[in-house]
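The structure under discussion appears below in the form of structure tokens.
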Amino acid sequence: MSAPLDLPAVVRRAFDVSRRAGYVSFCRNETGRLLATLAATRTGTMAEFGTGCGVGTAWLRSGLRGDAHILTAELDGKLAEAAAEIFVDDPQVEVRSADWDTLRDQGPFSLLFLDSGEPTAVSVEAVADLVEPGGIVVLDDFVPCEQWPPMADGRVDAMRERWLSDPRFTASEVMVASDAAAIIATRR
């Protein structure tokens with residue numbers, strides 16, 4: 001993928017924190033650049049469900065403009081504490097050690113990055129009403145698929161199919177690397 005080799009300072013800090021915490025499951029740089037690009041188009045409140053050690057949050061932050069705000073929730077208290085270290089002096093980012101469900105009353109969100117990993121937690125039904133009209137939902141960690149219905153591991157990928165066909169959203173699967181895809185869905 002064509003992209004600058006250098007990383008934003010906040011993303012470098014997030015990678016350092018992740019390494020120190022021994023956490024290796026984080027947002028890829030290709031997806032991160034997409035998040036930064038999308039965050040640069042948003043105002044209001046953005047959210048992330050599944051902070052990990054904050055790499056995805058750092059990518060969102062690197063694109064943030066104006067007085068937009070990011071709320072992020074991580075169920076694992078140790079990971080949330082590590083992520084909070086990155087943003088300790090940043091009034092535009094709030095890291096919560098909590099289940100993502102605690103952010104429900106903070107919406108609607110202008111951008112929602114779903115990185116919680118559990119298919120039921122990131123289902124269209126679970127989050128559709130949390131996104132404002134014109135708001136964007138980003139789901140990552142998909143293996144690219146060139147057929148319909150979308151397949152994964154030899155069977156229909158029901159979650160991907162629902163996101164790509166839900167009438168409340170205009171959605172597309174976007175390859176971010178030869179082996180990785182994301183779904184971008186805009187609320188109608």
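Just remember, in the structure tokens the first chain shown is A, the second B, etc., residues are 1-based per chain, and ligands are 1-based in the order shown.
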Can I get the residues of stretch 106-145 of chain A within 10 Å of stretch 57-74 of chain A, each with the closest pair of atoms and their distance in Å to one decimal, using only C-alpha atoms, sorted chain first then ascending number, as JSON lines?
```
{"residue": "A:Gln106", "atom": "CA", "partner": "A:Leu71", "partner_atom": "CA", "distance": 8.6}
{"residue": "A:Gly107", "atom": "CA", "partner": "A:Leu71", "partner_atom": "CA", "distance": 9.9}
{"residue": "A:Phe109", "atom": "CA", "partner": "A:Ile70", "partner_atom": "CA", "distance": 9.4}
{"residue": "A:Ser110", "atom": "CA", "partner": "A:Ala68", "partner_atom": "CA", "distance": 9.4}
{"residue": "A:Leu111", "atom": "CA", "partner": "A:Ile70", "partner_atom": "CA", "distance": 9.1}
{"residue": "A:Leu112", "atom": "CA", "partner": "A:Ile70", "partner_atom": "CA", "distance": 9.5}
{"residue": "A:Phe113", "atom": "CA", "partner": "A:Thr57", "partner_atom": "CA", "distance": 8.9}
{"residue": "A:Asp115", "atom": "CA", "partner": "A:Glu74", "partner_atom": "CA", "distance": 10.0}
{"residue": "A:Ser116", "atom": "CA", "partner": "A:Glu74", "partner_atom": "CA", "distance": 8.4}
```
Residue set, chain A restricted to strand (DSSP E), as number ranges by chain: A: 45-49, 69-74, 93-97, 109-114, 131-142, 151-152, 155-156, 169-177, 180-187
Neighbouring residues of A:Ile86 were defined as those with any atom within 8 Å, considering only C-alpha atoms; residues of the same chain fewer than 4 positions away were excluded. Please report them as a PyMOL selection string. chain A and resi 10+13-14+17+54+82
Atom CA of A:Ala98 to atom CA of A:Gly50, distance in Å rounded to a single decimal: 9.6 Å
Quick one: residues within 8 Å of stretch 169-175 of chain A, only C-alpha atoms, excluding same-chain residues fewer than 5 positions away - as a list in words? Pro144, Trp163, Leu164, Ala180, Ala181, Ala182, Ile183, Ile184, Ala185, Thr186, Arg187 and Arg188 of chain A
A:Asp101, A:Val88, A:Asp16, A:Val143: which is nearest A:Asp157, counting only C-alpha atoms?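 Smallest separation from A:Asp157 among the options: A:Val143.
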Let me make sure I understand: among A:Gly135, A:Asp140, A:Asp166, A:Pro149, which one has the smallest atom-to-atom distance to A:Leu38 if we use only C-alpha atoms? A:Gly135
Mind pulling up the distance from atom CA of A:Phe49 to atom CA of A:Pro8?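 Those two atoms sit 21.8 Å apart.
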Interatomic distance, atom CA of A:Trp100 to atom CA of A:Leu75 (Å, one decimal):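 Straight-line distance from atom CA of A:Trp100 to atom CA of A:Leu75 works out to 7.4 Å.
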